[in-house]
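Here is the structure we will look at, set down as structure tokens.
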Amino acid sequence: MRRVAIVVFPGSNCDVDTLDAARAAGSDAYFVWHRETALKQADVVILPGGFSYGDYLRSGAIARFSPIMTAVTAHAREGGAVLGICNGFQTLCEAGLLPGALMRNARLRFLSRPVWVRVESTDTPFTSLYDQGDVLEIPIAHGDGRYVALPGVAAELEAQGQVVWRYVRDNPNGSTNDIAGICNADRNVVGLMPHPERRIAALLGGSDGARVFQSMEAHNATQHAVDVRAVGDRHLRV
Amino acid sequence: MTAYRVEVRVMPRAALLDPQGQAVQHALHALGFNDVKQVRVGKHLVLDVEAKSGEDAVARTRIMCDRLLANPVTEDFEVAVRTS
């Protein structure tokens with residue numbers, strides 16, 4: 001059972017769904033308020049969807065300076081798994097934990113509907129239980145989902161296999177190279193615009209997103225340095 | 001220390017699609033302003049900054065732009081100062 005910290009910002013609105021999805025996958029999931037400074041020995045951190053700080057200035061631009069983000073950054077730098085969903089993805093980009101940025105949808109409309117994405121990489125803590133090439137139906141709900149990066153960065157992402165999900169059938173927001181989700185060079189920080197937590201059961205219209213959370217639970221716990229954890233004056237390998 | 005009014009103009013990078021600017025341009029064309037060849041929409045921020053000099057106020061504001069007010073991936077910014 002992995003400890004999964006779900007960070008709640010003022011304006012987060014997918015935090016409860018994300019908690020439910022992580023618990024359904026068997027995780028010991030709990031909320032961490034953005035003003036806290038400790039992740040309480042989390043194995044995995046999830047930044048959920050929503051509209052932190054009303055998307056003022058830029059989506060995720062203010063959340064990125066919340067007190068908890070210091071601990072999230074340290075966790076990521078130590079190799080700990082981090083997932084950003086929608087507003088969480090925007091926040092990870094603003095924080096510099098993922099390359100690029102999310103801009104206004106090309107056709108300007110806020111889009112809330114299912115899309116289809118293809119799993120392009122299974123070599124991340126959140127996609128290991130998928131098969132490469134799996135096509136998933138997962139909803140989006142965003143106004144700022146157009147992924148852009150500095151010249152050369154998108155090519156680098158492609159060359160290094162850091163595109164994790166790609167829109168297929170149609171590109172809803174004008175995203176560069178149809179990118180729906182990416183990971184960092186170390187592959188432990190992952191962000192995506194679609195909402196896998198909204199597709200974890202037939203009752204919700206499908207379960208294509210469930211394996212994101214099951215992958216995180218199944219992920220080899222000894223893989224990352226962060227799993228050697230100091231408890232009291234001892235180091236425990238968990 | 002003197003109060004300086006610092007104005008920051010943040011614009012989307014020229015190379016990037018600006019759908020908001022395009023929508024405004026289309027609306028202007030619909031109103032008959034066919035002489036408009038391009039519109040880009042950015043942000044204008046007005047800050048009152050306490051500083052030793054105008055140069056100091058600009059320098060501080062540039063750091064604020066780098067850290068928060070502009071996203072270096074998608075936006076360019078300009079800073080101008082007025083003594084208030």
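By convention here, the chains of the structure tokens are called A, B, ... in the order presented, each chain's residues are numbered starting at 1, and ligands are numbered starting at 1 in the order presented.
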Exercise. Counting only C-alpha atoms, what is within 10 Å of Val212 of chain A, bar same-chain residues fewer than 2 positions away, as a ChimeraX atom specification?
Worked result: /A:21-22,25,83,124-130,196-197,200,208-210,214-217
For this session: Considering only C-alpha atoms, extract the chain A residues located within 9 Å of chain B and return them as a list of chain:residue names.
Result: A:Leu57, A:Arg58, A:Ala61, A:Ile62, A:Glu94, A:Pro99, A:Gly100, A:Ala101, A:Leu102, A:Met103, A:Arg104, A:Asn105, A:Ala106, A:Arg107, A:Leu108, A:Val148, A:Ala149, A:Leu150
For the residues in that selection, give me N, CA and C atoms as a compact mmCIF listing (two decimals), in the first residue's frame.
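Result went into selection.txt, see below:
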```txt
# COMPACT_ATOMS: atom_id res chain seq x y z
N LEU A 57 -3.77 35.36 -13.32
CA LEU A 57 -2.47 35.59 -13.96
C LEU A 57 -2.24 34.55 -15.05
N ARG A 58 -1.98 33.30 -14.67
CA ARG A 58 -1.92 32.17 -15.61
C ARG A 58 -2.31 30.94 -14.81
N ALA A 61 0.01 29.50 -12.00
CA ALA A 61 1.14 30.41 -11.76
C ALA A 61 1.26 30.79 -10.28
N ILE A 62 0.14 30.88 -9.58
CA ILE A 62 0.18 31.28 -8.17
C ILE A 62 0.28 30.04 -7.27
N GLU A 94 4.46 25.33 -14.59
CA GLU A 94 4.81 26.64 -14.03
C GLU A 94 5.97 26.51 -13.03
N PRO A 99 8.78 20.44 -18.53
CA PRO A 99 9.08 21.48 -19.52
C PRO A 99 7.80 21.97 -20.21
N GLY A 100 7.85 23.20 -20.72
CA GLY A 100 6.75 23.72 -21.53
C GLY A 100 5.70 24.45 -20.72
N ALA A 101 4.55 24.70 -21.35
CA ALA A 101 3.46 25.44 -20.72
C ALA A 101 2.16 25.07 -21.41
N LEU A 102 1.04 25.38 -20.73
CA LEU A 102 -0.28 25.14 -21.30
C LEU A 102 -0.94 26.48 -21.58
N MET A 103 -1.34 26.68 -22.84
CA MET A 103 -1.94 27.96 -23.23
C MET A 103 -3.41 27.78 -23.58
N ARG A 104 -4.08 28.92 -23.80
CA ARG A 104 -5.49 28.93 -24.15
C ARG A 104 -5.78 27.99 -25.32
N ASN A 105 -6.87 27.22 -25.22
CA ASN A 105 -7.27 26.33 -26.31
C ASN A 105 -7.33 27.09 -27.64
N ALA A 106 -6.89 26.44 -28.71
CA ALA A 106 -6.77 27.15 -29.99
C ALA A 106 -8.10 27.74 -30.44
N ARG A 107 -9.21 27.04 -30.14
CA ARG A 107 -10.51 27.58 -30.55
C ARG A 107 -11.21 28.29 -29.39
N LEU A 108 -10.47 28.61 -28.36
CA LEU A 108 -10.88 29.46 -27.25
C LEU A 108 -11.92 28.87 -26.31
N VAL A 148 2.54 23.86 -25.28
CA VAL A 148 3.58 24.50 -26.11
C VAL A 148 4.91 24.40 -25.36
N ALA A 149 5.99 24.44 -26.13
CA ALA A 149 7.32 24.38 -25.53
C ALA A 149 8.25 25.23 -26.36
N LEU A 150 9.39 25.59 -25.77
CA LEU A 150 10.38 26.36 -26.51
C LEU A 150 10.86 25.55 -27.71
```
Problem set entry | Residue neighbourhood Met69 of chain A, 10 Å, only C-alpha atoms, exclusion window fewer than 3 positions, as a list in words |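 Listing them by chain and then by number gives Val7, His34, Arg35, Glu36, Thr37, Ala38, Leu39, Ala63, Arg64, Phe65, Ser66, Val72, Thr73, Ala74, His75, Thr91, Leu92 and Ala95 of chain A.
Reported to one decimal place, the separation of atom CA of Asp17 of chain A from atom CA of Ala202 of chain A is 14.9 Å.
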Exercise. Closest to Arg5 of chain B among B:Met64, B:Gly21, B:Gly54, B:Gln38, using only C-alpha atoms?
Worked result: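 Once distances to Arg5 of chain B are computed over only C-alpha atoms, the minimum belongs to B:Gly54.
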For this session: Pick out the closest residue to Leu111 of chain A from this set: A:Arg77, A:Lys40, A:Arg3, A:Arg146. Count only C-alpha atoms.
Result: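 The answer is A:Arg146, which sits nearest to Leu111 of chain A.
Proximity to Asp76 of chain B at 6 Å, evaluated using only C-alpha atoms and with sequence-adjacent residues fewer than 4 positions away removed, yields Val10, Met11 and Arg13 of chain B.
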Problem set entry | Test item: residues at most 8 Å from Trp33 of chain A, only C-alpha atoms, excluding those fewer than 4 positions along its chain, as a list in words |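 Final neighbour list, sorted by chain and number: Val7, Val8, Phe9 and Ile68 of chain A.
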Using C-alpha atoms, can you export the residues from the last selection as a PDB file, in the first residue's frame?
```
ATOM      1  CA  VAL A   7      -2.478  18.393  -2.568  1.00  0.00           C
ATOM      2  CA  VAL A   8      -5.526  20.612  -2.145  1.00  0.00           C
ATOM      3  CA  PHE A   9      -5.222  24.221  -3.355  1.00  0.00           C
ATOM      4  CA  ILE A  68       3.703  22.818   0.008  1.00  0.00           C
TER       5      ILE A  68
END
```
Exercise. When DSSP works through the backbone of this structure, what residues of segment 41-200 of chain A end up as strand (DSSP E or B), shown as a PyMOL selection string?
Worked result: chain A and resi 44-47+50+81-85+101-103+111-119+135-142+146-148+163-168+179-183+189-192
Problem set entry | Residues within 6 Å of Glu7 of chain B, only C-alpha atoms, excluding chain neighbours under 5 positions, as a ChimeraX atom specification | /B:45-46,79-80
Just-selected residues, N, CA and C atoms written as a PDB file, in the first residue's frame:
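And here's result_19.pdb as it stands now:
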```
ATOM      1  N   LEU B  45       0.079  45.347 -16.495  1.00  0.00           N
ATOM      2  CA  LEU B  45       0.059  45.371 -15.039  1.00  0.00           C
ATOM      3  C   LEU B  45       0.642  46.690 -14.566  1.00  0.00           C
ATOM      4  N   VAL B  46       0.030  47.279 -13.540  1.00  0.00           N
ATOM      5  CA  VAL B  46       0.514  48.541 -12.981  1.00  0.00           C
ATOM      6  C   VAL B  46       0.891  48.290 -11.523  1.00  0.00           C
ATOM      7  N   VAL B  79       9.131  46.579 -19.371  1.00  0.00           N
ATOM      8  CA  VAL B  79       8.926  47.305 -18.117  1.00  0.00           C
ATOM      9  C   VAL B  79       9.222  48.783 -18.338  1.00  0.00           C
ATOM     10  N   ALA B  80       8.307  49.641 -17.903  1.00  0.00           N
ATOM     11  CA  ALA B  80       8.538  51.097 -18.001  1.00  0.00           C
ATOM     12  C   ALA B  80       8.186  51.731 -16.656  1.00  0.00           C
TER      13      ALA B  80
END
```
Exercise. Thr2 of chain B: which residues within 8 Å, counting only C-alpha atoms, same-chain residues fewer than 5 positions away excluded, as an NGL selection string?
Worked result: :B and (50-53)
Seminar exercise, completed: Judged by only C-alpha atoms, the minimum distance to Val24 of chain B among B:Arg40, B:Arg60, B:Arg82, B:Arg9 is found for B:Arg40
Exercise. Restricting the calculation to only C-alpha atoms, which member of A:Asp20, A:Asp15, A:Asp123, A:Asp144 is positioned closest to Gln160 of chain A?
Worked result: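 Smallest separation from Gln160 of chain A among the options: A:Asp123.
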Exercise. Between A:Ala155, A:Ala141, A:Ile6, A:Ile46, which has the minimum distance to Arg109 of chain A (counting only C-alpha atoms)?
Worked result: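 That would be A:Ala141, the residue with the smallest distance to Arg109 of chain A.
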